[in-house]
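Coordinates as given in data02.cif (mmCIF, N, CA and C atoms):
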data_input
loop_
_atom_site.label_atom_id
_atom_site.label_comp_id
_atom_site.auth_asym_id
_atom_site.auth_seq_id
_atom_site.Cartn_x
_atom_site.Cartn_y
_atom_site.Cartn_z
N MET A 1 0.85 -1.15 0.00
CA MET A 1 0.00 0.00 0.00
C MET A 1 0.91 1.23 0.00
N ARG A 2 0.54 2.16 -0.79
CA ARG A 2 1.37 3.35 -0.92
C ARG A 2 1.08 4.32 0.21
N PRO A 3 2.04 5.17 0.56
CA PRO A 3 1.84 6.13 1.65
C PRO A 3 0.71 7.11 1.39
N GLU A 4 0.49 7.46 0.12
CA GLU A 4 -0.59 8.39 -0.18
C GLU A 4 -1.95 7.76 0.14
N MET A 5 -2.02 6.47 -0.17
CA MET A 5 -3.26 5.75 0.09
C MET A 5 -3.51 5.61 1.59
N LEU A 6 -2.45 5.35 2.34
CA LEU A 6 -2.55 5.23 3.79
C LEU A 6 -2.98 6.56 4.40
N THR A 7 -2.48 7.66 3.91
CA THR A 7 -2.86 8.98 4.40
C THR A 7 -4.32 9.26 4.09
N ALA A 8 -4.76 8.87 2.91
CA ALA A 8 -6.15 9.10 2.52
C ALA A 8 -7.10 8.29 3.40
N LEU A 9 -6.74 7.03 3.66
CA LEU A 9 -7.59 6.19 4.51
C LEU A 9 -7.65 6.70 5.95
N SER A 10 -6.51 7.15 6.47
CA SER A 10 -6.53 7.68 7.84
C SER A 10 -7.33 8.98 7.90
N ALA A 11 -7.27 9.80 6.86
CA ALA A 11 -8.07 11.03 6.83
C ALA A 11 -9.55 10.69 6.77
N LEU A 12 -9.89 9.62 6.00
CA LEU A 12 -11.28 9.18 5.91
C LEU A 12 -11.76 8.67 7.27
N ALA A 13 -10.92 7.95 7.96
CA ALA A 13 -11.29 7.43 9.28
C ALA A 13 -11.50 8.57 10.27
N VAL A 14 -10.60 9.56 10.24
CA VAL A 14 -10.74 10.72 11.15
C VAL A 14 -12.02 11.48 10.81
N ALA A 15 -12.32 11.63 9.53
CA ALA A 15 -13.54 12.33 9.12
C ALA A 15 -14.78 11.58 9.59
N GLY A 16 -14.74 10.25 9.51
CA GLY A 16 -15.88 9.44 9.96
C GLY A 16 -16.10 9.57 11.47
N VAL A 17 -15.02 9.49 12.22
CA VAL A 17 -15.13 9.63 13.69
C VAL A 17 -15.64 11.02 14.05
N THR A 18 -15.14 12.02 13.36
CA THR A 18 -15.57 13.39 13.61
C THR A 18 -17.05 13.56 13.30
N ALA A 19 -17.50 12.96 12.20
CA ALA A 19 -18.92 13.06 11.82
C ALA A 19 -19.80 12.37 12.85
N VAL A 20 -19.40 11.17 13.28
CA VAL A 20 -20.18 10.45 14.30
C VAL A 20 -20.20 11.24 15.61
N GLY A 21 -19.07 11.81 15.99
CA GLY A 21 -19.02 12.62 17.22
C GLY A 21 -19.88 13.86 17.11
N GLY A 22 -19.89 14.50 15.95
CA GLY A 22 -20.72 15.68 15.74
C GLY A 22 -22.20 15.36 15.84
N ILE A 23 -22.58 14.22 15.22
CA ILE A 23 -23.98 13.80 15.27
C ILE A 23 -24.39 13.48 16.71
N ALA A 24 -23.53 12.75 17.41
CA ALA A 24 -23.83 12.41 18.80
C ALA A 24 -23.94 13.67 19.66
N THR A 25 -23.06 14.63 19.45
CA THR A 25 -23.11 15.87 20.21
C THR A 25 -24.40 16.64 19.93
N ALA A 26 -24.81 16.66 18.67
CA ALA A 26 -26.05 17.36 18.30
C ALA A 26 -27.26 16.71 18.94
N VAL A 27 -27.29 15.37 18.94
CA VAL A 27 -28.43 14.65 19.54
C VAL A 27 -28.48 14.88 21.04
N VAL A 28 -27.35 14.74 21.70
CA VAL A 28 -27.30 14.93 23.15
C VAL A 28 -27.57 16.39 23.50
N GLY A 29 -26.99 17.29 22.76
CA GLY A 29 -27.17 18.71 23.03
C GLY A 29 -28.60 19.16 22.81
N ARG A 30 -29.28 18.56 21.86
CA ARG A 30 -30.67 18.93 21.61
C ARG A 30 -31.56 18.41 22.74
N ARG A 31 -31.20 17.30 23.34
CA ARG A 31 -32.01 16.72 24.40
C ARG A 31 -31.96 17.54 25.69
N GLN A 32 -30.81 18.03 26.07
CA GLN A 32 -30.70 18.81 27.30
C GLN A 32 -29.82 20.04 27.08
N PRO A 33 -30.42 21.12 26.73
CA PRO A 33 -29.65 22.34 26.58
C PRO A 33 -29.18 22.84 27.94
N ARG A 34 -27.89 22.92 28.13
CA ARG A 34 -27.32 23.21 29.44
C ARG A 34 -27.71 24.59 29.95
N GLY A 35 -27.62 25.59 29.11
CA GLY A 35 -27.93 26.94 29.57
C GLY A 35 -29.38 27.07 30.00
N GLN A 36 -30.29 26.49 29.25
CA GLN A 36 -31.71 26.57 29.58
C GLN A 36 -32.00 25.80 30.86
N GLN A 37 -31.35 24.65 31.00
CA GLN A 37 -31.57 23.84 32.21
C GLN A 37 -31.11 24.61 33.44
N ARG A 38 -29.98 25.29 33.34
CA ARG A 38 -29.50 26.07 34.48
C ARG A 38 -30.46 27.21 34.79
N ARG A 39 -30.98 27.85 33.74
CA ARG A 39 -31.94 28.94 33.98
C ARG A 39 -33.20 28.40 34.63
N ASP A 40 -33.67 27.23 34.17
CA ASP A 40 -34.86 26.63 34.77
C ASP A 40 -34.61 26.26 36.22
N ASP A 41 -33.43 25.69 36.53
CA ASP A 41 -33.09 25.35 37.91
C ASP A 41 -33.04 26.60 38.77
N PHE A 42 -32.46 27.67 38.27
CA PHE A 42 -32.38 28.91 39.03
C PHE A 42 -33.77 29.47 39.30
N ALA A 43 -34.64 29.41 38.29
CA ALA A 43 -36.01 29.91 38.48
C ALA A 43 -36.75 29.07 39.51
N ALA A 44 -36.58 27.75 39.44
CA ALA A 44 -37.25 26.88 40.41
C ALA A 44 -36.75 27.14 41.82
N VAL A 45 -35.45 27.27 41.98
CA VAL A 45 -34.88 27.53 43.31
C VAL A 45 -35.34 28.89 43.82
N THR A 46 -35.35 29.89 42.95
CA THR A 46 -35.78 31.23 43.35
C THR A 46 -37.24 31.22 43.76
N ASP A 47 -38.10 30.55 43.01
CA ASP A 47 -39.51 30.45 43.38
C ASP A 47 -39.69 29.76 44.72
N ARG A 48 -38.95 28.69 44.93
CA ARG A 48 -39.05 27.96 46.19
C ARG A 48 -38.58 28.81 47.36
N MET A 49 -37.49 29.56 47.15
CA MET A 49 -36.99 30.45 48.20
C MET A 49 -38.00 31.56 48.49
N ASP A 50 -38.63 32.10 47.46
CA ASP A 50 -39.64 33.14 47.68
C ASP A 50 -40.81 32.61 48.50
N ARG A 51 -41.26 31.39 48.18
CA ARG A 51 -42.36 30.79 48.95
C ARG A 51 -41.95 30.56 50.40
N GLU A 52 -40.72 30.10 50.61
CA GLU A 52 -40.24 29.84 51.98
C GLU A 52 -40.11 31.14 52.75
N ILE A 53 -39.61 32.18 52.12
CA ILE A 53 -39.49 33.48 52.80
C ILE A 53 -40.87 34.01 53.15
N THR A 54 -41.83 33.87 52.25
CA THR A 54 -43.20 34.31 52.53
C THR A 54 -43.78 33.52 53.70
N ARG A 55 -43.56 32.20 53.70
CA ARG A 55 -44.08 31.37 54.79
C ARG A 55 -43.47 31.76 56.12
N GLN A 56 -42.16 32.00 56.13
CA GLN A 56 -41.51 32.38 57.37
C GLN A 56 -41.97 33.75 57.84
N GLY A 57 -42.22 34.67 56.91
CA GLY A 57 -42.76 35.98 57.28
C GLY A 57 -44.13 35.86 57.93
N GLU A 58 -44.97 35.00 57.37
CA GLU A 58 -46.30 34.77 57.96
C GLU A 58 -46.17 34.15 59.34
N ARG A 59 -45.24 33.23 59.51
CA ARG A 59 -45.03 32.59 60.82
C ARG A 59 -44.55 33.61 61.85
N ILE A 60 -43.67 34.51 61.44
CA ILE A 60 -43.19 35.56 62.35
C ILE A 60 -44.35 36.45 62.76
N ASP A 61 -45.23 36.79 61.81
CA ASP A 61 -46.39 37.62 62.14
C ASP A 61 -47.30 36.91 63.15
N GLU A 62 -47.50 35.59 62.95
CA GLU A 62 -48.31 34.81 63.90
C GLU A 62 -47.68 34.81 65.28
N LEU A 63 -46.36 34.61 65.35
CA LEU A 63 -45.68 34.58 66.64
C LEU A 63 -45.73 35.94 67.33
N GLU A 64 -45.62 37.02 66.56
CA GLU A 64 -45.72 38.35 67.16
C GLU A 64 -47.11 38.59 67.73
N ALA A 65 -48.15 38.17 67.00
CA ALA A 65 -49.52 38.32 67.50
C ALA A 65 -49.71 37.48 68.76
N GLU A 66 -49.17 36.27 68.76
CA GLU A 66 -49.28 35.41 69.94
C GLU A 66 -48.54 36.02 71.13
N THR A 67 -47.40 36.64 70.88
CA THR A 67 -46.65 37.29 71.95
C THR A 67 -47.44 38.44 72.54
N GLU A 68 -48.10 39.21 71.68
CA GLU A 68 -48.93 40.32 72.18
C GLU A 68 -50.09 39.81 73.03
N ARG A 69 -50.72 38.72 72.60
CA ARG A 69 -51.80 38.13 73.40
C ARG A 69 -51.28 37.66 74.75
N ASP A 70 -50.10 36.98 74.74
CA ASP A 70 -49.51 36.50 75.99
C ASP A 70 -49.15 37.67 76.90
N ARG A 71 -48.60 38.73 76.33
CA ARG A 71 -48.23 39.89 77.12
C ARG A 71 -49.46 40.52 77.78
N ALA A 72 -50.56 40.62 77.03
CA ALA A 72 -51.80 41.17 77.57
C ALA A 72 -52.34 40.27 78.68
N ARG A 73 -52.28 38.96 78.47
CA ARG A 73 -52.77 38.02 79.49
C ARG A 73 -51.93 38.11 80.76
N ILE A 74 -50.62 38.17 80.62
CA ILE A 74 -49.73 38.25 81.78
C ILE A 74 -49.96 39.56 82.54
N THR A 75 -50.17 40.64 81.80
CA THR A 75 -50.45 41.92 82.46
C THR A 75 -51.74 41.84 83.26
N ALA A 76 -52.77 41.24 82.68
CA ALA A 76 -54.04 41.09 83.39
C ALA A 76 -53.88 40.19 84.62
N GLN A 77 -53.13 39.12 84.50
CA GLN A 77 -52.91 38.24 85.65
C GLN A 77 -52.12 38.96 86.74
N ASP A 78 -51.14 39.74 86.34
CA ASP A 78 -50.36 40.52 87.31
C ASP A 78 -51.27 41.48 88.07
N PHE A 79 -52.14 42.17 87.34
CA PHE A 79 -53.07 43.10 87.99
C PHE A 79 -53.98 42.35 88.96
N ALA A 80 -54.50 41.18 88.53
CA ALA A 80 -55.39 40.41 89.41
C ALA A 80 -54.67 39.96 90.66
N LEU A 81 -53.44 39.50 90.54
CA LEU A 81 -52.69 39.05 91.72
C LEU A 81 -52.39 40.22 92.66
N ARG A 82 -52.05 41.37 92.10
CA ARG A 82 -51.81 42.55 92.95
C ARG A 82 -53.09 42.95 93.67
N TYR A 83 -54.23 42.89 92.98
CA TYR A 83 -55.50 43.23 93.60
C TYR A 83 -55.82 42.27 94.74
N ILE A 84 -55.63 40.98 94.50
CA ILE A 84 -55.92 39.99 95.56
C ILE A 84 -54.98 40.18 96.74
N ALA A 85 -53.70 40.44 96.46
CA ALA A 85 -52.75 40.66 97.56
C ALA A 85 -53.11 41.90 98.37
N SER A 86 -53.49 42.99 97.72
CA SER A 86 -53.86 44.20 98.47
C SER A 86 -55.16 43.97 99.23
N TRP A 87 -56.08 43.21 98.67
CA TRP A 87 -57.33 42.90 99.36
C TRP A 87 -57.05 42.07 100.62
N ALA A 88 -56.17 41.07 100.50
CA ALA A 88 -55.80 40.25 101.66
C ALA A 88 -55.13 41.11 102.72
N ARG A 89 -54.25 42.06 102.31
CA ARG A 89 -53.62 42.96 103.28
C ARG A 89 -54.65 43.81 103.99
N SER A 90 -55.64 44.31 103.24
CA SER A 90 -56.66 45.14 103.88
C SER A 90 -57.51 44.31 104.84
N LEU A 91 -57.79 43.03 104.51
CA LEU A 91 -58.52 42.17 105.44
C LEU A 91 -57.73 41.93 106.71
N VAL A 92 -56.43 41.69 106.57
CA VAL A 92 -55.59 41.47 107.75
C VAL A 92 -55.55 42.73 108.59
N THR A 93 -55.44 43.89 107.96
CA THR A 93 -55.44 45.15 108.70
C THR A 93 -56.75 45.34 109.44
N TYR A 94 -57.86 45.04 108.79
CA TYR A 94 -59.16 45.17 109.43
C TYR A 94 -59.29 44.22 110.62
N MET A 95 -58.83 42.98 110.45
CA MET A 95 -58.92 42.02 111.55
C MET A 95 -58.07 42.46 112.74
N ARG A 96 -56.89 42.99 112.47
CA ARG A 96 -56.04 43.46 113.57
C ARG A 96 -56.65 44.69 114.24
N ALA A 97 -57.33 45.52 113.45
CA ALA A 97 -58.00 46.69 114.04
C ALA A 97 -59.14 46.24 114.95
N GLN A 98 -59.75 45.13 114.64
CA GLN A 98 -60.82 44.58 115.48
C GLN A 98 -60.25 43.71 116.61
N GLN A 99 -58.94 43.72 116.73
CA GLN A 99 -58.20 42.96 117.74
C GLN A 99 -58.42 41.45 117.58
N LEU A 100 -58.46 41.03 116.34
CA LEU A 100 -58.52 39.61 116.00
C LEU A 100 -57.20 39.24 115.33
N GLU A 101 -56.82 38.00 115.45
CA GLU A 101 -55.59 37.55 114.81
C GLU A 101 -55.96 36.78 113.54
N PRO A 102 -55.40 37.19 112.40
CA PRO A 102 -55.73 36.45 111.17
C PRO A 102 -55.14 35.05 111.21
N PRO A 103 -55.78 34.11 110.53
CA PRO A 103 -55.24 32.75 110.53
C PRO A 103 -53.92 32.70 109.76
N PRO A 104 -53.07 31.74 110.12
CA PRO A 104 -51.82 31.61 109.37
C PRO A 104 -52.12 31.08 107.96
N PRO A 105 -51.20 31.27 107.03
CA PRO A 105 -51.42 30.71 105.69
C PRO A 105 -51.55 29.20 105.76
N PRO A 106 -52.33 28.60 104.88
CA PRO A 106 -52.56 27.16 104.95
C PRO A 106 -51.31 26.34 104.68
N GLN A 107 -50.33 26.91 104.06
CA GLN A 107 -49.10 26.17 103.77
C GLN A 107 -47.95 27.16 103.71
N PRO A 108 -46.73 26.71 103.85
CA PRO A 108 -45.61 27.65 103.75
C PRO A 108 -45.55 28.29 102.36
N VAL A 109 -45.05 29.50 102.31
CA VAL A 109 -44.94 30.22 101.04
C VAL A 109 -43.78 29.61 100.25
N PRO A 110 -44.02 29.23 99.01
CA PRO A 110 -42.94 28.64 98.20
C PRO A 110 -41.83 29.66 97.93
N ASP A 111 -40.62 29.16 97.79
CA ASP A 111 -39.47 30.04 97.54
C ASP A 111 -39.61 30.80 96.22
N GLU A 112 -40.29 30.21 95.24
CA GLU A 112 -40.47 30.88 93.95
C GLU A 112 -41.37 32.10 94.06
N VAL A 113 -42.27 32.10 95.04
CA VAL A 113 -43.24 33.18 95.19
C VAL A 113 -42.71 34.28 96.11
N ARG A 114 -41.84 33.93 97.02
CA ARG A 114 -41.36 34.85 98.06
C ARG A 114 -40.85 36.19 97.52
N PRO A 115 -40.09 36.26 96.40
CA PRO A 115 -39.63 37.57 95.91
C PRO A 115 -40.76 38.50 95.49
N TYR A 116 -41.93 37.95 95.18
CA TYR A 116 -43.02 38.78 94.69
C TYR A 116 -43.98 39.21 95.82
N LEU A 117 -43.87 38.61 96.96
CA LEU A 117 -44.68 39.01 98.10
C LEU A 117 -43.79 39.77 99.08
N HIS A 118 -43.93 41.09 99.08
CA HIS A 118 -43.02 41.94 99.83
C HIS A 118 -43.39 42.09 101.30
N ASP A 119 -44.59 41.66 101.68
CA ASP A 119 -45.03 41.93 103.04
C ASP A 119 -45.08 40.68 103.93
N ILE A 120 -44.43 39.60 103.54
CA ILE A 120 -44.42 38.43 104.43
C ILE A 120 -43.26 38.60 105.41
N SER A 121 -43.49 38.16 106.61
CA SER A 121 -42.51 38.41 107.68
C SER A 121 -41.58 37.23 107.91
N SER A 122 -41.70 36.15 107.21
CA SER A 122 -40.84 34.99 107.47
C SER A 122 -39.65 34.94 106.57
#
Final structure tokens representation of the file:
Amino acid sequence: MRPEMLTALSALAVAGVTAVGGIATAVVGRRQPRGQQRRDDFAAVTDRMDREITRQGERIDELEAETERDRARITAQDFALRYIASWARSLVTYMRAQQLEPPPPPQPVPDEVRPYLHDISS
């Protein structure tokens, strides 16, 4: 076989491989366009993040409303306890004015309550 013929056959083989590779690239590239897929992924992730941010914002609003309700309830309970404590003090004062001794508390005052009751003598 002459060298010219060998060169021609190798060029034909390279051309064939190149053609098959080009066709394969076109088929694969047409099936999944990389740039479009990345844009679609970015849009999907962005939409999901927007929904999550909206959901978390709504949850924060709910928690703030719940905190306000709790704060109002605690304030009302504080007022009621102060009223009851002042009423009990006035009853004790009245009983002592009548020269009667008020009964002792039914149980010892718990240590958790002691800082909030300023008029206990123990």
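Here atom C of Glu64 of chain A stands at a distance of 27.7 Å from atom C of Glu112 of chain A.
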Next item on the list: Figure out the distance between atom CA of Arg69 of chain A and atom C of Ile84 of chain A, please, to one decimal in Å.
Entry: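 The value is 23.6 Å.
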Item checked: helix (DSSP H, G or I) residues, from DSSP on the backbone, in segment 5-120 of chain A, as a VMD selection string -> chain A and resid 5 to 31 34 to 97 114 to 116
